[in-house]
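Below is one structure, written out as structure tokens; the observations come after it.
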Amino acid sequence: MNAIEVHHISKSYGKVKALEDVSFSVGKGEVFGLIGPDGAGKTSMYRILCTLLLPNMGSATVDGYDVKRQTREIRRRVGYMPGRFSLYQDLTVEENLYFFATLFGTTVEEGYNSIKAVYSQIERFKNRRAGALSGGMKQKLALCCALIHSPSVLFLDEPTTGVDPVSRKEFWDMLAMLKERGITILASTPYLDEVRRCERVAFLHQGHLQGIDTPDAILERFSDVFNPPAIEHSKAVTVGEENVIEVQHLVKSFGSFRAVDDISFSVRRGEIFGFLGANGAGKTTAMHILTGLSQPTQGTGTVVGYDICTEHEQIKKNIGYMSQKFSLYEDLTVAENIRLFAGIYGMNDQTIARKTDELLSRLNFAEHKNDLVSSLPLGWKQKLAFSVSIFHEPGVVFLDEPTGGVDPATRRQFWELIYDAAARGITVFVTTHYMDEAEYCDRISIMVDGKIRALGTPDELKQNYHQPDINHVFTYLARQASRSSD
Amino acid sequence: MKQFSSFVIKEAKHIVRDRRTMLILFVMPVVLMLIFGFAISNDVRNVRAVVVTSQMDHVTQQVIDRLSHSEYFVITATVGTSKEAEQLIRRQKADMAVVFSKDFAAKRKGIQLIVDASDPNMAQQWNTYAMQTILNPQSSLIETKMLYNPRMKSAYNFVPAIMGMLLMLICAMMTSVSIVREKEKGTMEVLLVSPVRPIMMIVAKAVPYLVLAFAILVSILLMARFVLGVPLAGSILWIFVVSAIYILLALSLGLLISNIASSQLMALLLSAMVLLMPIVMLSGMLFPIESMPMVLQWISAVIPPRYYIEAMRKLMIMGVGIGEVMREVAILSGMTIFLLIVSLAKFKTRLE
């Protein structure tokens with residue numbers, strides 16, 4: 001008997017078809033990947049299998065029980081980690097675990113063996129509030145909570161989005177251990193290295209099942225989506241001599257904790273600078289100082305020629321900023337968003353109108369000018385948000401994990417925009433958890449424990465640390481971290 | 001049972017760890033009680049009166065003395081003509097004028113009251129008080145005896161009203177927000193996928209707020225008794241029993257709101273707008289229901305606090321037995337059962 005059987009499932013929300021005639025089956029103890037871009041229907045599929053949603057058509061069984069009729073049986077047997085963190089932020093690690101244990105009618109003592117391997121890594125933080133954990137830690141705790149009752153099937157909806165490579169690797173090592181114990185795992189992920197760790201994967205695209213096969217076969221067959229040809233970047237031509245960002249001995253401490261611990265670096269005009277680091281290494285804090293959102297405790301620096309300690313207003317006028325969390329107003333149209341942000345930077349109406357048309361035709365967005373942003377796919381939103389953040393031609397643009405949650409082909413298109421901007425002389429300062437993107441940068445720095453441990457071109461770093469790619473360099477350095485959480 | 005208690009503990013921790021909300025929940029009743037008890041009051045006190053008389057004789061002086069010796073009036077001026085008095089009122093120097101006719105001493109009658117009626121309710125009261133004070137005690141044709149609230153203190157009226165408003169707001173708002181918050185944060189998905197029965201989840205969510213509501217009830221009663229000096233004439237036990245029914249009603253209303261609202265903001269707005277406005281306007285808290293137009297009277301008939309406030313006035317202030325408020329209790333219980341059934345039936349065990 002298969003652990004999961006899906007027969008011709010369809011689900012639509014009003015006019016939007018989330019899933020159309022999807023069928024697959026997953027064997028007992030299999031690690032099965034459900035992959036596809038944002039909006040492909042993965043979350044709907046998880047919710048149907050977890051009995052949270054009723055399908056419009058088709059049927060499915062989990063562990064032999066029907067998802068429509070035998071709801072309670074299924075709810076007793078599955079573990080579910082939704083995409084968003086499913087923890088209570090104001091409860092401590094231990095309290096979260098005890099709560100979920102009793103929720104499933106078991107105790108932490110009874111279930112301890114099944115989570116020991118995972119929990120032992122976070123047990124020393126058991127009195128810390130879940131909200132104060134780093135991304136990787138939260139994921140581990142969420143996994144513990146989903147595993148405490150020894151489920152027979154585990155559903156993981158993009159469990160590692162926004163988690164650094166080292167924590168992701170550990171997370172998948174844990175999944176491998178669970179497989180040993182015969183737990184069936186259905187997981188989705190935007191990372192190719194994780195896709196490769198599944199036994200079989202199903203590729204969903206716009207609600208349609210495109211194919212089921214081994215990871216390599218799927219990645220091969222849909223290589224235009226997963227493995228687009230690398231983009232050529234003519235370096236050195238555009239990089240100028242002057243420094244756009246220059247900081248010396250920057251320190252930011254919160255009480256006795258030094259989030260940023262004496263960092264110095266400089267970024268030249270037109271350069272693409274990758275700012276890497278594990279969750280909690282101090283990237284966000286450093287970025288806040290550079291964008292004038294917070295004051296450094298010690299140290300000096302300039303951004304586009306203005307002092308980071310005193311000239312916040314000038315800095316803010318001359319930089320662009322795009323973060324993963326906030327990009328555009330969803331309830332405004334594309335044109336209205338552009339108009340708003342251009343207006344904030346004091347551009348006049350004529351310029352705005354002219355540049356809006358230019359921008360939209362360059363992005364092939366012209367026909368979507370009056371569409372609400374909320375109706376666009378995530379990849380488009382990201383491209384638009386980036387274009388808006390450099391609309392006022394800033395000296396430097398800060399991108400905080402700009403490409404979370406989209407497939408490699410979409411990310412590649414995004415990077416074409418970044419190269420475009422760099423060619424026009426806009427310096428790009430970017431943080432990312434995708435190591436293939438790190439290779440696209442002119443220079444990268446890797447932060448560990450608040451300090452910059454490595455700085456140079458991707459090739460230099462690979463040579464210095466004798467590693468085949470940046471992913472390995474990163475893992476090698478991040479493993480040496482002594483502090484493990486922010 | 002273990003599941004249930006751990007659920008309650010979790011919910012209690014959410015409440016206790018959210019210090020600011022806790023503070024607001026306990027400070028709000030205290031502030032409201034103090035404001036309504038001391039600052040906002042319909043009590044007649046220190047009304048500025050002008051005396052208009054052409055000759056100050058013994059009889060007139062007696063009347064004026066009675067006015068100025070009462071705690072209600074202060075004589076601010078004595079003028080010769082009523083024109084001057086009206087001017088004083090117009091210039092906001094006085095609230096009312098007492099005009100004595102020329103031959104008042106001889107005839108013992110002929111007093112005119114000129115009152116600033118820009119606030120008609122207060123004007124009415126000043127008028128009544130002035131007449132009482134002037135007439136007493138010589139020609140006491142009518143003697144009024146105020147039952148239950150001999151000194152006509154408005155706190156007697158406001159305490160039950162504040163109880164009705166606060167308990168409803170806190171219970172309905174807090175339960176709806178706490179359920180919607182779980183929806184927003186995504187924890188609700190995990191709870192729904194667990195084997196826990198939804199009914200248990202809901203009851204467990206309500207328990208901490210029930211306790212909180214009782215704590216607030218006790219603090220209001222203590223303040224009413226010892227700070228505002230409102231007597232608790234009736235049986236404390238019945239006050240609590242009726243309040244418990246009312247709190248349950250408010251909790252199920254909160255549950256119903258949480259079914260409709262998709263975000264915390266919407267839950268807050270729904271409870272504030274849909275609950276607060278009618279409670280303040282139509283429950284008889286500020287304006288007497290009897291003097292509302294028929295349509296509004298019908299609407300006020302379905303507003304639960306109306307019955308609770310009525311019952312509390314009877315129980316606390318009049319000190320009647322439970323038998324006298326059976327009608328209110330029956331209506332409240334009926335409403336509670338109805339709302340509870342509807343909200344439980346509406347509770348979604350799946351996502352949309």
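FYI, nothing fancy with the structure tokens labels: chains A, B, ... in order, residues from 1 per chain, ligands from 1 as they appear.
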
Could you build a table of the residues in chain B lying no more than 10 Å from chain A, giving for each the nearest pair of atoms and their separation in Å rounded to one decimal place, using only C-alpha atoms, ordered by chain and ascending residue number, as a Markdown table?
| residue | atom | partner | partner_atom | distance |
| --- | --- | --- | --- | --- |
| B:Met1 | CA | A:Thr102 | CA | 9.7 |
| B:Lys2 | CA | A:Thr102 | CA | 6.7 |
| B:Gln3 | CA | A:Thr102 | CA | 5.1 |
| B:Phe4 | CA | A:Leu103 | CA | 8.5 |
| B:Ser5 | CA | A:Thr102 | CA | 9.2 |
| B:Ser6 | CA | A:Phe99 | CA | 6.2 |
| B:Phe7 | CA | A:Phe99 | CA | 7.1 |
| B:Ile9 | CA | A:Phe99 | CA | 9.0 |
| B:Lys10 | CA | A:Phe99 | CA | 7.2 |
| B:Glu11 | CA | A:Leu91 | CA | 10.0 |
| B:Lys13 | CA | A:Leu91 | CA | 7.4 |
| B:His14 | CA | A:Asp90 | CA | 6.6 |
| B:Ile15 | CA | A:Asp90 | CA | 9.8 |
| B:Arg17 | CA | A:Asp90 | CA | 7.1 |
| B:Asp18 | CA | A:Asp90 | CA | 8.4 |
| B:Glu182 | CA | A:Tyr88 | CA | 8.9 |
| B:Glu184 | CA | A:Arg84 | CA | 9.9 |
| B:Lys185 | CA | A:Ser86 | CA | 7.2 |
| B:Gly186 | CA | A:Ser86 | CA | 5.8 |
| B:Thr187 | CA | A:Ser86 | CA | 4.8 |
| B:Met188 | CA | A:Ser86 | CA | 8.3 |
| B:Glu189 | CA | A:Leu52 | CA | 7.4 |
| B:Val190 | CA | A:Tyr80 | CA | 6.6 |
| B:Leu191 | CA | A:Leu103 | CA | 7.9 |
| B:Leu192 | CA | A:Leu52 | CA | 7.3 |
| B:Val193 | CA | A:Arg75 | CA | 5.1 |
| B:Ser194 | CA | A:Arg75 | CA | 5.3 |
| B:Pro195 | CA | A:Arg76 | CA | 5.1 |
| B:Val196 | CA | A:Leu103 | CA | 6.5 |
| B:Arg197 | CA | A:Arg72 | CA | 9.1 |
| B:Met201 | CA | A:Leu103 | CA | 9.9 |
| B:Lys348 | CA | A:Leu52 | CA | 9.8 |
| B:Thr349 | CA | A:Leu52 | CA | 7.4 |
| B:Arg350 | CA | A:Leu52 | CA | 4.5 |
| B:Leu351 | CA | A:Leu52 | CA | 5.5 |
| B:Glu352 | CA | A:Leu53 | CA | 6.9 |

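Surrounding range 302-310 of chain B within 6 Å are B:Pro160, B:Ala161, B:Gly164, B:Ser283, B:Glu328, with only C-alpha atoms counted and residues fewer than 4 positions along the same chain left out.
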
Let's have the selection written as a tab-separated table (two decimals), in the first residue's frame, with N, CA and C atoms.
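That gives us out33.tsv:
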chain	number	residue	atom	x	y	z
B	160	PRO	N	-23.24	50.00	36.93
B	160	PRO	CA	-23.74	48.84	36.17
B	160	PRO	C	-23.50	49.01	34.67
B	161	ALA	N	-23.60	50.25	34.18
B	161	ALA	CA	-23.40	50.47	32.74
B	161	ALA	C	-21.97	50.18	32.33
B	164	GLY	N	-21.43	46.51	32.18
B	164	GLY	CA	-22.00	45.94	30.96
B	164	GLY	C	-21.14	46.20	29.75
B	283	SER	N	-28.13	50.95	24.76
B	283	SER	CA	-28.41	50.00	25.83
B	283	SER	C	-29.07	50.65	27.02
B	328	GLU	N	-34.96	39.39	32.80
B	328	GLU	CA	-33.68	39.74	32.19
B	328	GLU	C	-32.78	38.52	32.09

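Taking only range 2-249 of chain B, the residues that DSSP calls strand (DSSP E) from the backbone come to Val47, Arg48, Ala49, Val50, Val51, Val52, Phe73, Val74, Ile75, Thr76, Ala77, Thr78, Val79, Met96, Ala97, Val98, Val99, Phe100, Ile111, Gln112, Leu113, Ile114 and Val115 of chain B.
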
CA of Met318 in chain B and CA of Gly234 in chain B are how many Å apart?
7.1 Å

Could you tell me how far CA of Leu461 in chain A lies from CA of Leu219 in chain A, in Å and to one decimal?
28.0 Å

Residues flagged helix (DSSP H, G or I) by DSSP in range 16-133 of chain B, as number ranges by chain
B: 16-17, 19-39, 58-69, 82-90, 104-107, 120-133

Let me see the file: selected residues, C-alpha atoms, as a PDB file, in the first residue's frame.
ATOM      1  CA  VAL B  16       0.371  37.239  30.695  1.00  0.00           C
ATOM      2  CA  ARG B  17       3.362  37.766  28.390  1.00  0.00           C
ATOM      3  CA  ARG B  19       2.313  43.004  29.216  1.00  0.00           C
ATOM      4  CA  ARG B  20       0.965  46.054  27.451  1.00  0.00           C
ATOM      5  CA  THR B  21      -2.375  44.519  26.623  1.00  0.00           C
ATOM      6  CA  MET B  22      -2.665  43.222  30.177  1.00  0.00           C
ATOM      7  CA  LEU B  23      -1.975  46.694  31.484  1.00  0.00           C
ATOM      8  CA  ILE B  24      -4.627  48.217  29.244  1.00  0.00           C
ATOM      9  CA  LEU B  25      -7.152  45.574  30.260  1.00  0.00           C
ATOM     10  CA  PHE B  26      -6.733  46.375  33.936  1.00  0.00           C
ATOM     11  CA  VAL B  27      -6.115  50.086  33.731  1.00  0.00           C
ATOM     12  CA  MET B  28      -9.071  50.715  31.412  1.00  0.00           C
ATOM     13  CA  PRO B  29     -11.739  49.750  33.988  1.00  0.00           C
ATOM     14  CA  VAL B  30     -10.046  51.794  36.697  1.00  0.00           C
ATOM     15  CA  VAL B  31      -9.769  54.863  34.492  1.00  0.00           C
ATOM     16  CA  LEU B  32     -13.321  54.536  33.228  1.00  0.00           C
ATOM     17  CA  MET B  33     -14.640  54.161  36.756  1.00  0.00           C
ATOM     18  CA  LEU B  34     -12.764  57.243  37.904  1.00  0.00           C
ATOM     19  CA  ILE B  35     -13.827  59.294  34.896  1.00  0.00           C
ATOM     20  CA  PHE B  36     -17.464  58.355  35.132  1.00  0.00           C
ATOM     21  CA  GLY B  37     -17.460  58.422  38.910  1.00  0.00           C
ATOM     22  CA  PHE B  38     -15.842  61.819  39.394  1.00  0.00           C
ATOM     23  CA  ALA B  39     -15.239  63.793  36.256  1.00  0.00           C
ATOM     24  CA  HIS B  58     -36.001  90.019  55.083  1.00  0.00           C
ATOM     25  CA  VAL B  59     -38.147  87.524  53.145  1.00  0.00           C
ATOM     26  CA  THR B  60     -36.059  87.745  49.990  1.00  0.00           C
ATOM     27  CA  GLN B  61     -32.885  87.392  52.026  1.00  0.00           C
ATOM     28  CA  GLN B  62     -34.209  84.172  53.558  1.00  0.00           C
ATOM     29  CA  VAL B  63     -34.781  82.638  50.143  1.00  0.00           C
ATOM     30  CA  ILE B  64     -31.343  83.727  48.935  1.00  0.00           C
ATOM     31  CA  ASP B  65     -29.756  82.281  52.038  1.00  0.00           C
ATOM     32  CA  ARG B  66     -31.438  78.955  51.404  1.00  0.00           C
ATOM     33  CA  LEU B  67     -30.028  78.915  47.885  1.00  0.00           C
ATOM     34  CA  SER B  68     -26.505  79.871  48.848  1.00  0.00           C
ATOM     35  CA  HIS B  69     -26.390  77.518  51.813  1.00  0.00           C
ATOM     36  CA  SER B  82     -33.499  90.859  34.691  1.00  0.00           C
ATOM     37  CA  LYS B  83     -31.850  92.373  31.592  1.00  0.00           C
ATOM     38  CA  GLU B  84     -28.542  92.591  33.420  1.00  0.00           C
ATOM     39  CA  ALA B  85     -28.948  89.004  34.597  1.00  0.00           C
ATOM     40  CA  GLU B  86     -29.595  87.750  31.081  1.00  0.00           C
ATOM     41  CA  GLN B  87     -26.469  89.534  29.967  1.00  0.00           C
ATOM     42  CA  LEU B  88     -24.454  87.790  32.663  1.00  0.00           C
ATOM     43  CA  ILE B  89     -25.785  84.440  31.479  1.00  0.00           C
ATOM     44  CA  ARG B  90     -25.008  85.322  27.885  1.00  0.00           C
ATOM     45  CA  PHE B 104     -42.376  89.440  46.626  1.00  0.00           C
ATOM     46  CA  ALA B 105     -42.164  90.160  50.328  1.00  0.00           C
ATOM     47  CA  ALA B 106     -45.787  91.200  50.539  1.00  0.00           C
ATOM     48  CA  LYS B 107     -47.391  88.565  48.360  1.00  0.00           C
ATOM     49  CA  PRO B 120     -31.423  70.895  28.238  1.00  0.00           C
ATOM     50  CA  ASN B 121     -30.892  67.960  30.576  1.00  0.00           C
ATOM     51  CA  MET B 122     -28.853  69.953  33.018  1.00  0.00           C
ATOM     52  CA  ALA B 123     -31.184  72.962  32.740  1.00  0.00           C
ATOM     53  CA  GLN B 124     -34.069  70.736  33.686  1.00  0.00           C
ATOM     54  CA  GLN B 125     -32.226  69.508  36.711  1.00  0.00           C
ATOM     55  CA  TRP B 126     -31.127  72.973  37.858  1.00  0.00           C
ATOM     56  CA  ASN B 127     -34.702  74.137  37.499  1.00  0.00           C
ATOM     57  CA  THR B 128     -36.021  71.309  39.650  1.00  0.00           C
ATOM     58  CA  TYR B 129     -33.337  71.755  42.275  1.00  0.00           C
ATOM     59  CA  ALA B 130     -33.881  75.504  42.442  1.00  0.00           C
ATOM     60  CA  MET B 131     -37.627  75.107  42.871  1.00  0.00           C
ATOM     61  CA  GLN B 132     -37.144  72.544  45.597  1.00  0.00           C
ATOM     62  CA  THR B 133     -34.660  74.708  47.430  1.00  0.00           C
TER      63      THR B 133
END

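All residues of protein, DNA or RNA that reach within 8 Å of Ile308 in chain A, judged by only C-alpha atoms and not counting those fewer than 3 positions away in the chain, are Ile289, Leu290, Thr291, Gly292, Gln295, Thr300, Gly301, Thr302, Val303, Glu311, His312 and Ile315 of chain A.
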
Please produce a file of the residues just selected, as a PDB file, in the first residue's frame, where the atoms kept are N, CA and C atoms.
ATOM      1  N   ILE A 289      22.655  49.713   9.447  1.00  0.00           N
ATOM      2  CA  ILE A 289      23.577  50.833   9.691  1.00  0.00           C
ATOM      3  C   ILE A 289      23.877  51.528   8.371  1.00  0.00           C
ATOM      4  N   LEU A 290      24.132  50.734   7.327  1.00  0.00           N
ATOM      5  CA  LEU A 290      24.508  51.328   6.040  1.00  0.00           C
ATOM      6  C   LEU A 290      23.365  52.129   5.426  1.00  0.00           C
ATOM      7  N   THR A 291      22.133  51.721   5.689  1.00  0.00           N
ATOM      8  CA  THR A 291      21.012  52.434   5.084  1.00  0.00           C
ATOM      9  C   THR A 291      20.501  53.565   5.981  1.00  0.00           C
ATOM     10  N   GLY A 292      21.222  53.820   7.070  1.00  0.00           N
ATOM     11  CA  GLY A 292      20.855  54.946   7.920  1.00  0.00           C
ATOM     12  C   GLY A 292      19.682  54.672   8.837  1.00  0.00           C
ATOM     13  N   GLN A 295      22.198  53.539  14.245  1.00  0.00           N
ATOM     14  CA  GLN A 295      23.498  54.148  14.495  1.00  0.00           C
ATOM     15  C   GLN A 295      24.507  53.069  14.895  1.00  0.00           C
ATOM     16  N   THR A 300      33.428  54.224  11.822  1.00  0.00           N
ATOM     17  CA  THR A 300      33.027  55.292  10.913  1.00  0.00           C
ATOM     18  C   THR A 300      32.761  54.711   9.537  1.00  0.00           C
ATOM     19  N   GLY A 301      32.121  55.491   8.697  1.00  0.00           N
ATOM     20  CA  GLY A 301      31.892  55.014   7.348  1.00  0.00           C
ATOM     21  C   GLY A 301      31.147  56.034   6.527  1.00  0.00           C
ATOM     22  N   THR A 302      31.213  55.869   5.209  1.00  0.00           N
ATOM     23  CA  THR A 302      30.445  56.731   4.324  1.00  0.00           C
ATOM     24  C   THR A 302      29.698  55.871   3.320  1.00  0.00           C
ATOM     25  N   VAL A 303      28.524  56.336   2.935  1.00  0.00           N
ATOM     26  CA  VAL A 303      27.751  55.709   1.865  1.00  0.00           C
ATOM     27  C   VAL A 303      27.413  56.814   0.878  1.00  0.00           C
ATOM     28  N   GLU A 311      24.764  61.875   8.589  1.00  0.00           N
ATOM     29  CA  GLU A 311      23.994  62.375   7.453  1.00  0.00           C
ATOM     30  C   GLU A 311      22.967  61.371   6.924  1.00  0.00           C
ATOM     31  N   HIS A 312      22.081  60.901   7.836  1.00  0.00           N
ATOM     32  CA  HIS A 312      21.101  59.877   7.449  1.00  0.00           C
ATOM     33  C   HIS A 312      20.195  60.320   6.321  1.00  0.00           C
ATOM     34  N   ILE A 315      21.782  60.215   2.971  1.00  0.00           N
ATOM     35  CA  ILE A 315      21.986  58.826   2.550  1.00  0.00           C
ATOM     36  C   ILE A 315      20.683  58.259   2.019  1.00  0.00           C
TER      37      ILE A 315
END

When you look at Phe265 in chain A with a cut-off of 7 Å (counting only C-alpha atoms), what residues show up, excluding the ones that are within fewer than 4 positions of it in the same chain? I need them as a ChimeraX atom specification.
/A:246-248

Write a file of the selected residues as a short mmCIF file (atom, residue, chain, number, x, y, z; two decimals), in the first residue's frame, keeping C-alpha atoms.
data_model
loop_
_atom_site.label_atom_id
_atom_site.label_comp_id
_atom_site.auth_asym_id
_atom_site.auth_seq_id
_atom_site.Cartn_x
_atom_site.Cartn_y
_atom_site.Cartn_z
CA GLU A 246 33.41 52.63 2.79
CA VAL A 247 33.31 51.51 6.42
CA GLN A 248 36.04 51.15 9.03
#

Name the residues in contact with range 343-346 of chain B at a cut-off of 8 Å, using only C-alpha atoms, excluding same-chain residues fewer than 4 positions from it; report them as a VMD selection string.
chain B and resid 199 252 to 253 255 to 256 259 339

Limited to C-alpha atoms, could you put the picked residues into a file as a PDB file, in the first residue's frame?
ATOM      1  CA  ILE B 199     -14.897  22.428  20.584  1.00  0.00           C
ATOM      2  CA  SER B 252     -19.607  33.441  22.180  1.00  0.00           C
ATOM      3  CA  LEU B 253     -20.102  36.751  20.430  1.00  0.00           C
ATOM      4  CA  LEU B 255     -16.187  33.537  18.710  1.00  0.00           C
ATOM      5  CA  LEU B 256     -18.754  34.519  16.125  1.00  0.00           C
ATOM      6  CA  ASN B 259     -15.431  33.334  12.260  1.00  0.00           C
ATOM      7  CA  LEU B 339     -25.117  32.736  20.025  1.00  0.00           C
TER       8      LEU B 339
END

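Residues lying within 10 Å of Phe391 in chain A, counting only C-alpha atoms and ignoring same-chain neighbours fewer than 3 positions away, are A:Gly320, A:Ile338, A:Phe341, A:Ala342, A:Tyr345, A:Met347, A:Ile352, A:Lys355, A:Thr356, A:Leu359, A:Ala385, A:Phe386, A:Ser387, A:Val388, A:Pro394.
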
Output file for the residues above (N, CA and C atoms, as an mmCIF file, in the first residue's frame):
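And here is the file that came out, result-v5.cif:
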data_model
loop_
_atom_site.group_PDB
_atom_site.id
_atom_site.type_symbol
_atom_site.label_atom_id
_atom_site.label_comp_id
_atom_site.auth_asym_id
_atom_site.auth_seq_id
_atom_site.Cartn_x
_atom_site.Cartn_y
_atom_site.Cartn_z
ATOM 1 N N GLY A 320 18.746 53.164 -2.888
ATOM 2 C CA GLY A 320 17.507 52.432 -3.099
ATOM 3 C C GLY A 320 17.509 51.251 -2.151
ATOM 4 N N ILE A 338 4.670 52.868 -8.824
ATOM 5 C CA ILE A 338 5.815 53.596 -9.379
ATOM 6 C C ILE A 338 5.669 55.086 -9.071
ATOM 7 N N PHE A 341 6.408 55.827 -5.286
ATOM 8 C CA PHE A 341 7.798 55.799 -4.835
ATOM 9 C C PHE A 341 8.627 56.884 -5.521
ATOM 10 N N ALA A 342 8.318 57.147 -6.794
ATOM 11 C CA ALA A 342 9.036 58.222 -7.479
ATOM 12 C C ALA A 342 8.716 59.543 -6.803
ATOM 13 N N TYR A 345 10.678 60.239 -3.709
ATOM 14 C CA TYR A 345 12.031 60.722 -3.942
ATOM 15 C C TYR A 345 12.046 62.066 -4.671
ATOM 16 N N MET A 347 10.703 63.202 -7.543
ATOM 17 C CA MET A 347 10.831 63.370 -8.989
ATOM 18 C C MET A 347 9.609 64.121 -9.515
ATOM 19 N N ILE A 352 8.503 61.284 -14.270
ATOM 20 C CA ILE A 352 7.888 60.035 -13.817
ATOM 21 C C ILE A 352 7.141 59.380 -14.966
ATOM 22 N N LYS A 355 9.598 58.030 -17.626
ATOM 23 C CA LYS A 355 10.380 56.878 -17.176
ATOM 24 C C LYS A 355 9.503 55.668 -16.889
ATOM 25 N N THR A 356 8.248 55.903 -16.467
ATOM 26 C CA THR A 356 7.344 54.783 -16.220
ATOM 27 C C THR A 356 7.124 54.008 -17.508
ATOM 28 N N LEU A 359 10.251 52.129 -18.454
ATOM 29 C CA LEU A 359 10.452 50.972 -17.587
ATOM 30 C C LEU A 359 9.519 49.835 -17.964
ATOM 31 N N ALA A 385 9.601 45.416 -8.007
ATOM 32 C CA ALA A 385 10.084 46.061 -6.782
ATOM 33 C C ALA A 385 11.517 46.535 -6.969
ATOM 34 N N PHE A 386 12.315 45.723 -7.638
ATOM 35 C CA PHE A 386 13.698 46.116 -7.872
ATOM 36 C C PHE A 386 13.746 47.350 -8.781
ATOM 37 N N SER A 387 12.954 47.316 -9.851
ATOM 38 C CA SER A 387 12.958 48.448 -10.778
ATOM 39 C C SER A 387 12.503 49.720 -10.083
ATOM 40 N N VAL A 388 11.528 49.573 -9.176
ATOM 41 C CA VAL A 388 11.048 50.743 -8.451
ATOM 42 C C VAL A 388 12.140 51.265 -7.520
ATOM 43 N N PRO A 394 19.537 55.850 -7.867
ATOM 44 C CA PRO A 394 20.350 56.049 -6.668
ATOM 45 C C PRO A 394 21.803 55.647 -6.944
#

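As for CA of Arg196 in chain A and CA of Tyr46 in chain A, they are spaced 20.5 Å apart.
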
Need to verify the contact set: Ser263 in chain B, 10 Å, only C-alpha atoms, exclusion of same-chain residues closer than 4 positions in sequence. Can you return it as a ChimeraX atom specification?
/B:176-177,179-184,258,267-269

I need the chosen residues saved as a short mmCIF file (atom, residue, chain, number, x, y, z; two decimals), in the first residue's frame, with C-alpha atoms.
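So part.cif came out as:
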data_model
loop_
_atom_site.label_atom_id
_atom_site.label_comp_id
_atom_site.auth_asym_id
_atom_site.auth_seq_id
_atom_site.Cartn_x
_atom_site.Cartn_y
_atom_site.Cartn_z
CA SER B 176 -11.95 37.16 18.66
CA VAL B 177 -8.49 38.71 18.37
CA ILE B 179 -8.45 33.27 17.52
CA VAL B 180 -7.86 35.44 14.48
CA ARG B 181 -4.23 35.91 15.50
CA GLU B 182 -3.71 32.15 15.24
CA LYS B 183 -5.25 32.24 11.79
CA GLU B 184 -2.94 35.06 10.75
CA SER B 258 -13.60 35.45 14.82
CA ALA B 267 -11.71 41.62 14.45
CA LEU B 268 -10.86 44.71 16.45
CA LEU B 269 -12.91 47.00 14.24
#
